[in-house]
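coords.txt follows (compact mmCIF, C-alpha atoms and all ligand atoms):
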# COMPACT_ATOMS: atom_id res chain seq x y z
CA MET A 1 -45.29 39.94 14.14
CA CYS A 2 -46.71 42.80 12.11
CA PRO A 3 -46.69 42.14 8.38
CA ALA A 4 -43.74 43.55 6.45
CA ILE A 5 -44.47 46.48 4.15
CA THR A 6 -45.49 45.74 0.62
CA LEU A 7 -43.54 46.59 -2.52
CA GLU A 8 -46.29 49.11 -3.40
CA THR A 9 -45.99 50.88 -0.04
CA TYR A 10 -42.20 50.95 -0.25
CA MET A 11 -42.14 52.29 -3.81
CA GLU A 12 -44.84 54.87 -3.18
CA GLY A 13 -42.94 56.14 -0.13
CA TRP A 14 -39.76 56.39 -2.21
CA ALA A 15 -41.58 58.14 -5.07
CA ARG A 16 -43.19 60.75 -2.84
CA VAL A 17 -39.84 62.52 -2.35
CA LYS A 18 -39.25 63.37 -6.03
CA PRO A 19 -41.90 63.56 -8.76
CA GLU A 20 -39.68 61.90 -11.41
CA ARG A 21 -39.66 58.74 -9.31
CA ALA A 22 -43.34 58.08 -10.03
CA ALA A 23 -42.59 56.67 -13.49
CA VAL A 24 -39.95 54.28 -12.12
CA THR A 25 -42.43 53.13 -9.47
CA ARG A 26 -45.04 52.32 -12.10
CA ALA A 27 -42.51 50.35 -14.17
CA VAL A 28 -41.34 48.31 -11.17
CA LEU A 29 -44.92 47.56 -10.12
CA ALA A 30 -45.77 46.52 -13.69
CA ILE A 31 -42.86 44.05 -13.66
CA ALA A 32 -44.05 42.76 -10.26
CA ALA A 33 -47.54 42.19 -11.68
CA ALA A 34 -46.18 40.26 -14.67
CA ALA A 35 -43.93 38.26 -12.34
CA GLN A 36 -46.96 37.02 -10.42
CA SER A 37 -48.37 35.58 -13.64
CA ILE A 38 -44.99 34.09 -14.59
CA THR A 39 -44.55 32.43 -11.20
CA ASP A 40 -48.01 30.85 -11.60
CA LEU A 41 -46.96 29.42 -14.97
CA VAL A 42 -43.63 28.15 -13.63
CA ARG A 43 -45.33 26.54 -10.66
CA ARG A 44 -47.86 24.66 -12.78
CA GLY A 45 -45.09 23.16 -14.92
CA GLY A 46 -46.16 20.14 -16.93
CA LEU A 47 -49.82 20.58 -15.90
CA ILE A 48 -50.18 23.24 -18.59
CA GLY A 49 -48.10 21.61 -21.31
CA ASN A 50 -44.41 21.49 -21.99
CA LEU A 51 -43.04 24.88 -20.92
CA GLY A 52 -39.53 23.72 -21.73
CA ALA A 53 -40.42 22.82 -25.33
CA VAL A 54 -38.18 24.47 -27.90
CA VAL A 55 -40.38 26.73 -30.03
CA GLY A 56 -37.82 28.71 -32.02
CA GLY A 57 -34.56 30.65 -31.87
CA ASN A 58 -33.74 34.28 -31.04
CA SER A 59 -31.53 36.59 -33.10
CA GLN A 60 -28.42 35.50 -31.20
CA GLY A 61 -28.79 31.81 -31.93
CA ASP A 62 -30.19 30.75 -28.54
CA VAL A 63 -33.11 28.34 -28.50
CA GLN A 64 -36.37 29.89 -27.36
CA LYS A 65 -38.55 27.82 -25.08
CA ALA A 66 -42.30 28.20 -24.70
CA LEU A 67 -41.87 29.82 -21.30
CA ASP A 68 -39.30 32.35 -22.64
CA LEU A 69 -41.93 33.70 -25.02
CA ARG A 70 -44.86 33.53 -22.57
CA ALA A 71 -42.80 35.49 -20.02
CA ASN A 72 -41.79 38.02 -22.67
CA ASP A 73 -45.43 38.59 -23.68
CA LEU A 74 -46.67 38.92 -20.08
CA LEU A 75 -43.99 41.52 -19.26
CA ILE A 76 -44.67 43.57 -22.39
CA ALA A 77 -48.43 43.54 -21.71
CA GLU A 78 -47.94 44.93 -18.17
CA LEU A 79 -45.23 47.44 -19.17
CA ARG A 80 -47.56 48.88 -21.82
CA LYS A 81 -49.55 50.30 -18.88
CA ALA A 82 -46.46 52.11 -17.50
CA PRO A 83 -44.70 55.23 -18.86
CA VAL A 84 -42.18 53.19 -20.83
CA ALA A 85 -41.14 54.73 -24.17
CA VAL A 86 -39.13 51.80 -25.41
CA LEU A 87 -38.53 48.19 -24.40
CA ALA A 88 -35.69 45.80 -25.21
CA SER A 89 -35.65 42.08 -24.55
CA GLU A 90 -33.37 39.12 -25.02
CA GLU A 91 -36.22 37.63 -27.05
CA LEU A 92 -36.53 40.60 -29.47
CA GLU A 93 -33.92 41.53 -32.03
CA GLU A 94 -34.69 45.28 -31.90
CA PRO A 95 -36.17 47.59 -29.26
CA ILE A 96 -39.94 48.12 -29.52
CA ALA A 97 -41.72 51.44 -29.00
CA LEU A 98 -44.47 51.47 -26.34
CA ASP A 99 -45.67 54.84 -24.96
CA GLU A 100 -44.19 57.66 -27.06
CA ALA A 101 -44.41 60.12 -24.18
CA GLY A 102 -42.90 57.67 -21.69
CA GLU A 103 -39.92 58.74 -19.62
CA LEU A 104 -38.31 55.32 -19.32
CA ALA A 105 -36.57 52.55 -21.22
CA VAL A 106 -36.79 49.00 -19.86
CA ALA A 107 -34.43 46.16 -20.81
CA LEU A 108 -35.40 42.59 -19.94
CA ASP A 109 -34.16 39.07 -19.77
CA PRO A 110 -37.74 37.77 -19.48
CA LEU A 111 -36.66 34.31 -18.39
CA ASP A 112 -33.12 33.73 -17.20
CA GLY A 113 -31.88 30.18 -16.76
CA SER A 114 -34.48 28.73 -19.09
CA SER A 115 -32.35 25.62 -19.73
CA ASN A 116 -33.38 24.72 -16.16
CA ILE A 117 -37.16 24.79 -16.68
CA ASP A 118 -37.58 21.05 -17.19
CA ALA A 119 -35.32 20.27 -14.24
CA ASN A 120 -37.47 22.32 -11.81
CA VAL A 121 -34.51 24.52 -10.87
CA ALA A 122 -34.89 28.23 -10.09
CA VAL A 123 -35.28 30.59 -13.04
CA GLY A 124 -35.88 34.33 -13.07
CA THR A 125 -36.71 37.61 -14.79
CA ILE A 126 -33.95 40.25 -14.91
CA PHE A 127 -34.80 43.92 -15.49
CA SER A 128 -33.01 47.23 -16.00
CA VAL A 129 -34.85 50.57 -15.96
CA LEU A 130 -33.10 53.50 -17.68
CA PRO A 131 -34.15 57.06 -18.53
CA ALA A 132 -35.44 57.16 -22.12
CA ILE A 133 -33.47 59.25 -24.59
CA HIS A 134 -35.89 60.93 -27.00
CA ASN A 135 -33.84 61.65 -30.11
CA GLY A 136 -36.38 60.67 -32.74
CA GLY A 137 -34.50 57.45 -33.48
CA THR A 138 -35.29 53.78 -33.04
CA GLY A 139 -34.97 53.92 -29.28
CA MET A 140 -31.58 52.23 -29.39
CA ALA A 141 -29.83 55.26 -27.85
CA SER A 142 -31.77 54.69 -24.62
CA PHE A 143 -30.09 51.31 -24.20
CA LEU A 144 -26.55 52.38 -25.08
CA GLN A 145 -26.12 54.18 -21.76
CA PRO A 146 -23.69 52.87 -19.14
CA GLY A 147 -25.20 50.89 -16.27
CA HIS A 148 -24.54 53.62 -13.72
CA ARG A 149 -27.42 55.54 -15.33
CA GLN A 150 -29.96 52.87 -14.32
CA ARG A 151 -32.90 54.22 -12.32
CA ALA A 152 -33.99 50.82 -10.99
CA ALA A 153 -32.67 47.30 -11.49
CA GLY A 154 -33.31 43.84 -10.19
CA TYR A 155 -34.64 40.40 -10.79
CA VAL A 156 -37.50 38.18 -9.77
CA ILE A 157 -36.46 34.66 -8.83
CA TYR A 158 -38.95 31.83 -9.32
CA GLY A 159 -37.61 29.28 -6.86
CA PRO A 160 -38.91 27.57 -3.73
CA GLN A 161 -39.86 31.13 -2.85
CA CYS A 162 -40.75 33.78 -5.40
CA ALA A 163 -38.93 37.01 -4.58
CA MET A 164 -38.14 40.34 -6.21
CA VAL A 165 -34.64 41.65 -5.50
CA LEU A 166 -34.56 45.36 -6.22
CA THR A 167 -32.38 48.42 -6.08
CA VAL A 168 -33.31 52.03 -6.76
CA GLY A 169 -29.91 53.16 -5.45
CA LYS A 170 -30.79 52.90 -1.77
CA GLY A 171 -29.35 49.49 -0.98
CA THR A 172 -30.47 46.09 -2.20
CA LEU A 173 -33.85 44.87 -0.98
CA ILE A 174 -35.62 41.52 -1.10
CA PHE A 175 -39.42 41.39 -1.39
CA THR A 176 -40.89 37.89 -1.00
CA LEU A 177 -44.18 37.09 -2.73
CA ASP A 178 -47.02 36.32 -0.35
CA ALA A 179 -49.10 34.42 -2.89
CA SER A 180 -52.10 34.21 -0.54
CA LYS A 181 -52.34 38.01 -0.56
CA GLY A 182 -50.97 38.60 -4.05
CA SER A 183 -48.31 41.01 -2.81
CA PHE A 184 -44.54 41.19 -2.48
CA ARG A 185 -43.41 42.03 1.07
CA LEU A 186 -40.10 43.41 2.28
CA THR A 187 -38.20 40.53 3.92
CA GLY A 188 -34.61 41.64 3.23
CA PRO A 189 -34.27 45.37 3.89
CA ASN A 190 -30.46 45.50 3.98
CA VAL A 191 -28.74 42.82 1.92
CA GLN A 192 -24.97 42.73 2.52
CA ILE A 193 -22.49 40.50 0.70
CA PRO A 194 -19.59 39.56 3.01
CA ALA A 195 -16.29 41.03 1.73
CA SER A 196 -14.44 37.72 1.81
CA THR A 197 -15.55 34.29 0.67
CA ARG A 198 -14.34 30.74 0.15
CA GLU A 199 -16.90 29.76 -2.48
CA PHE A 200 -16.62 30.17 -6.24
CA ALA A 201 -18.99 29.51 -9.15
CA ILE A 202 -17.80 28.79 -12.68
CA ASN A 203 -18.66 26.35 -15.46
CA ALA A 204 -15.60 24.15 -15.01
CA SER A 205 -16.34 22.13 -18.14
CA ASN A 206 -14.89 25.06 -20.13
CA GLN A 207 -11.55 24.82 -18.33
CA ARG A 208 -9.51 23.93 -21.40
CA HIS A 209 -10.77 27.06 -23.16
CA TRP A 210 -9.99 29.49 -20.31
CA SER A 211 -7.32 32.17 -20.37
CA PRO A 212 -4.20 31.62 -18.26
CA VAL A 213 -5.50 34.13 -15.71
CA VAL A 214 -8.75 32.25 -15.10
CA ARG A 215 -6.96 28.90 -15.04
CA THR A 216 -4.50 30.16 -12.47
CA TYR A 217 -7.18 31.66 -10.29
CA ILE A 218 -9.36 28.52 -10.26
CA THR A 219 -6.35 26.18 -9.91
CA GLU A 220 -5.29 28.09 -6.82
CA CYS A 221 -8.82 27.91 -5.37
CA ILE A 222 -8.96 24.15 -5.97
CA ALA A 223 -5.48 23.65 -4.49
CA GLY A 224 -7.04 24.91 -1.25
CA LYS A 225 -4.97 24.48 1.92
CA ASP A 226 -2.14 22.92 -0.07
CA GLY A 227 -1.79 25.87 -2.47
CA THR A 228 -0.88 29.54 -2.38
CA ARG A 229 -4.31 30.53 -1.02
CA GLY A 230 -3.79 28.39 2.06
CA GLU A 231 -7.53 27.78 2.50
CA ASP A 232 -10.03 25.30 1.13
CA PHE A 233 -12.66 26.54 -1.32
CA ASN A 234 -16.11 25.20 -2.12
CA MET A 235 -17.71 25.25 -5.59
CA ARG A 236 -21.27 25.81 -6.82
CA TRP A 237 -22.67 25.96 -10.36
CA ILE A 238 -26.41 26.23 -11.04
CA ALA A 239 -26.24 27.62 -14.60
CA SER A 240 -28.95 30.15 -13.77
CA LEU A 241 -27.58 33.67 -13.27
CA VAL A 242 -30.39 34.77 -10.95
CA ALA A 243 -29.95 31.69 -8.76
CA GLU A 244 -26.17 32.23 -8.58
CA CYS A 245 -26.71 35.90 -7.71
CA HIS A 246 -29.30 35.05 -5.08
CA ARG A 247 -26.94 32.64 -3.34
CA ILE A 248 -24.13 35.20 -3.40
CA LEU A 249 -26.43 37.90 -2.00
CA SER A 250 -27.44 35.55 0.81
CA ARG A 251 -24.02 34.18 1.85
CA GLY A 252 -21.25 35.63 -0.31
CA GLY A 253 -19.21 33.98 -3.03
CA VAL A 254 -17.68 34.85 -6.37
CA PHE A 255 -19.19 34.14 -9.79
CA LEU A 256 -17.19 34.05 -13.02
CA TYR A 257 -18.36 33.79 -16.60
CA PRO A 258 -15.13 34.76 -18.35
CA SER A 259 -14.33 35.10 -22.01
CA ASP A 260 -12.74 31.96 -23.42
CA ALA A 261 -11.14 30.59 -26.57
CA ARG A 262 -14.27 29.09 -28.15
CA PRO A 263 -15.55 30.93 -31.21
CA GLY A 264 -18.35 33.24 -30.07
CA TYR A 265 -17.12 33.40 -26.47
CA GLU A 266 -14.54 36.16 -26.99
CA GLN A 267 -16.70 38.32 -24.71
CA GLY A 268 -18.05 35.55 -22.52
CA ARG A 269 -21.71 34.66 -22.71
CA LEU A 270 -23.76 37.05 -20.62
CA ARG A 271 -25.40 40.18 -21.97
CA LEU A 272 -24.25 43.56 -20.71
CA ILE A 273 -27.49 45.53 -20.93
CA TYR A 274 -30.09 43.18 -19.45
CA GLU A 275 -28.00 40.71 -17.45
CA ALA A 276 -24.65 42.16 -16.27
CA ASN A 277 -25.78 45.75 -15.63
CA PRO A 278 -28.76 45.01 -13.35
CA ILE A 279 -26.87 42.26 -11.51
CA ALA A 280 -23.84 44.57 -11.10
CA TRP A 281 -25.90 47.35 -9.56
CA LEU A 282 -27.64 44.96 -7.14
CA VAL A 283 -24.27 43.53 -6.12
CA GLU A 284 -22.66 46.95 -5.62
CA GLN A 285 -25.63 48.16 -3.60
CA ALA A 286 -25.08 45.13 -1.36
CA ALA A 287 -21.38 46.04 -0.81
CA GLY A 288 -20.07 43.61 -3.43
CA LYS A 289 -18.23 44.27 -6.70
CA ALA A 290 -18.87 43.45 -10.36
CA THR A 291 -16.32 43.68 -13.18
CA ASN A 292 -15.56 42.28 -16.61
CA GLY A 293 -12.44 40.88 -14.97
CA VAL A 294 -10.77 44.28 -14.74
CA GLN A 295 -13.20 47.18 -15.34
CA ARG A 296 -16.33 48.05 -13.39
CA ILE A 297 -19.37 46.74 -15.28
CA LEU A 298 -21.44 49.86 -14.56
CA ASP A 299 -18.87 52.10 -16.33
CA LEU A 300 -18.90 50.15 -19.60
CA VAL A 301 -20.60 51.99 -22.47
CA PRO A 302 -22.58 49.49 -24.56
CA SER A 303 -22.27 49.65 -28.34
CA ALA A 304 -24.90 47.06 -29.27
CA LEU A 305 -28.17 45.89 -27.75
CA HIS A 306 -27.24 42.25 -27.29
CA GLN A 307 -23.57 42.88 -26.52
CA ARG A 308 -21.92 40.24 -24.34
CA THR A 309 -19.43 40.83 -21.56
CA PRO A 310 -17.23 38.70 -19.36
CA LEU A 311 -18.68 38.92 -15.84
CA VAL A 312 -17.10 38.50 -12.41
CA PHE A 313 -19.14 39.50 -9.36
CA GLY A 314 -19.64 38.87 -5.69
CA SER A 315 -17.59 39.30 -2.51
CA SER A 316 -15.44 42.40 -2.97
CA GLU A 317 -12.08 40.95 -1.87
CA GLU A 318 -12.38 38.01 -4.25
CA VAL A 319 -13.47 40.14 -7.24
CA GLU A 320 -10.45 42.40 -6.54
CA HIS A 321 -8.24 39.31 -6.35
CA VAL A 322 -9.29 38.29 -9.88
CA ALA A 323 -8.71 41.84 -11.18
CA ARG A 324 -5.22 41.82 -9.66
CA TYR A 325 -4.39 38.61 -11.55
CA LYS A 326 -5.65 40.19 -14.74
CA SER A 327 -3.43 43.23 -14.35
CA GLU A 328 -0.39 41.10 -13.35
CA GLN A 329 -0.68 38.55 -16.17
CA THR A 330 3.05 38.57 -16.86
CA VAL A 331 3.96 37.41 -13.34
CA ILE A 332 1.72 34.35 -13.41
CA PRO A 333 3.83 31.66 -15.12
CA PRO A 334 6.55 31.50 -12.43
CA ARG A 335 3.88 31.02 -9.76
CA LEU A 336 2.61 27.84 -11.37
CA PRO A 337 5.56 26.21 -13.09
CA LEU A 338 3.46 23.19 -14.06
CA PHE A 339 1.46 25.31 -16.48
CA GLY A 340 4.65 27.01 -17.67
CA GLU A 341 6.19 23.65 -18.56
CA ARG A 342 3.13 22.62 -20.46
CA GLY A 343 3.27 25.82 -22.44
CA LEU A 344 -0.27 26.87 -21.57
CA PHE A 345 0.68 30.49 -21.01
CA ARG A 346 1.04 31.95 -24.39
CA ASN A 347 0.13 35.62 -23.94
MN MN A 401 -30.25 34.97 -19.07
MN MN A 402 -33.47 34.49 -21.07
Give the structure from the file, written as structure tokens.
Ligand code: MN
Ligand code: MN
Amino acid sequence: MCPAITLETYMEGWARVKPERAAVTRAVLAIAAAAQSITDLVRRGGLIGNLGAVVGGNSQGDVQKALDLRANDLLIAELRKAPVAVLASEELEEPIALDEAGELAVALDPLDGSSNIDANVAVGTIFSVLPAIHNGGTGMASFLQPGHRQRAAGYVIYGPQCAMVLTVGKGTLIFTLDASKGSFRLTGPNVQIPASTREFAINASNQRHWSPVVRTYITECIAGKDGTRGEDFNMRWIASLVAECHRILSRGGVFLYPSDARPGYEQGRLRLIYEANPIAWLVEQAAGKATNGVQRILDLVPSALHQRTPLVFGSSEEVEHVARYKSEQTVIPPRLPLFGERGLFRN
């Protein structure tokens, strides 16, 4: 078997067609370089100290772990070498200026799923590459563009295999790290999410806080063959967005992190700019769908850097099913009289 092409070869081939693609290529390769250092750290685990130790808190009240900050620093150091005007990160309250003349803006979740570090469960780096808007301001304008303006998006998953999952608008591709050669190689040239699925992912411990729509949807999935869906469903929950996305890209499924009634969860938990947008573009490029329950994620116009959004993504038929429930809220109570009797449907 001849070796698969490297990420460098793929990106350079893509960039050759249009000169403005060269900057995107350099940014993606910078992220790939940082990811190789991050995967080394993740792999060494407790041998290099407690990577899961809480070392502080970010501006949104999340705990910061040692590895969150190490990953953030490694990514910034590599992206300084690329034509990136401004960088935003989950770990930084405000965007930071890098190369004034740079054409790009990069938004990062340096380490997604960091609550899983100690448990040796897959974590990842999520990235979104946008065109920089040079308006003499703080750089914020570059990040308040809708996701459909992304020039490249993806994540690196640090799991049993380390892989970069990437889109530049020509499908969704998986590049697996060949650590012996220090290069990512194309192993998934045409990722396709099946349109239908019988597997859902949601944090079911929040059930009592869910909206009637989400309750109805999940109740019907769990009712399986005995309910209105007429088919049994399976459930998964890893609590690591990249790991959930990777499973859905490999075999289909639907993921939900809805808004709920807890204070601070009015817009769910996940961040629009550096979590939902890149995941949404990867999913769409693999024939899936991504919404906030009703609207397409990539059409949402952000108004704040760390803005949260409800997120539903995965197999297209199932994401559409959820959106249909949302738009037919008023017809739900008669379908599940049990909930009606208990007075759970109040809107
Ligand atoms: Mn995250
Ligand atoms: Mn994170």
Go through chain A residue by residue and, counting only C-alpha atoms and all ligand atoms, keep those with an atom at most 10 Å from ligand MN 402 (chain A); for each kept residue give the shortest atom pair and its distance in Å to one decimal, ordered by chain and increasing number, as a Markdown table.
| residue | atom | partner | partner_atom | distance |
| --- | --- | --- | --- | --- |
| A:Asn58 | CA | A:MN402 | MN | 10.0 |
| A:Asp62 | CA | A:MN402 | MN | 9.0 |
| A:Val63 | CA | A:MN402 | MN | 9.7 |
| A:Gln64 | CA | A:MN402 | MN | 8.3 |
| A:Lys65 | CA | A:MN402 | MN | 9.3 |
| A:Leu67 | CA | A:MN402 | MN | 9.6 |
| A:Asp68 | CA | A:MN402 | MN | 6.4 |
| A:Leu69 | CA | A:MN402 | MN | 9.4 |
| A:Ala71 | CA | A:MN402 | MN | 9.4 |
| A:Asn72 | CA | A:MN402 | MN | 9.2 |
| A:Ser89 | CA | A:MN402 | MN | 8.6 |
| A:Glu90 | CA | A:MN402 | MN | 6.1 |
| A:Glu91 | CA | A:MN402 | MN | 7.3 |
| A:Leu108 | CA | A:MN402 | MN | 8.4 |
| A:Asp109 | CA | A:MN402 | MN | 4.8 |
| A:Pro110 | CA | A:MN402 | MN | 5.6 |
| A:Leu111 | CA | A:MN402 | MN | 4.2 |
| A:Asp112 | CA | A:MN402 | MN | 4.0 |
| A:Gly113 | CA | A:MN402 | MN | 6.3 |
| A:Ser114 | CA | A:MN402 | MN | 6.2 |
| A:Ser115 | CA | A:MN402 | MN | 9.0 |
| A:Val123 | CA | A:MN402 | MN | 9.1 |
| A:Gly124 | CA | A:MN402 | MN | 8.4 |
| A:Thr125 | CA | A:MN402 | MN | 7.7 |
| A:Ile126 | CA | A:MN402 | MN | 8.4 |
| A:Ser240 | CA | A:MN402 | MN | 9.6 |
| A:Leu241 | CA | A:MN402 | MN | 9.8 |
| A:Arg271 | CA | A:MN402 | MN | 9.9 |
| A:Tyr274 | CA | A:MN402 | MN | 9.5 |
| A:Glu275 | CA | A:MN402 | MN | 9.0 |
Q: Compare A:Ala141, A:Leu177, A:Val129, A:Val301 by their minimum atom-to-atom distance to Trp281 (chain A), counting all atoms listed in the file, and give me the closest one.
A: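 Closest to Trp281 (chain A), using all atoms listed in the file: A:Val129.
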Q: For each of A:Tyr158, A:Gly57, A:Ala101, A:Ala77, take the minimum atom-to-atom distance to Gly136 (chain A), counting only C-alpha atoms, then give the residue where this is smallest.
A: A:Ala101
Q.
Given only C-alpha atoms and all ligand atoms as the basis, pick out the residue of A:Pro160, A:Tyr155, A:Phe200, A:Glu220 nearest to ligand MN 401 (chain A).
A. A:Tyr155
How close does region 105-205 of chain A get to region 10-14 of chain A? List, as a tab-separated table, each residue of region 105-205 of chain A within 10 Å, its nearest atom pair and the distance in Å to one decimal, counting all atoms listed in the file.
residue	atom	partner	partner_atom	distance
A:Val168	CA	A:Trp14	CA	9.0
A:Lys170	CA	A:Trp14	CA	9.6
A:Arg185	CA	A:Tyr10	CA	9.1
A:Leu186	CA	A:Tyr10	CA	8.2
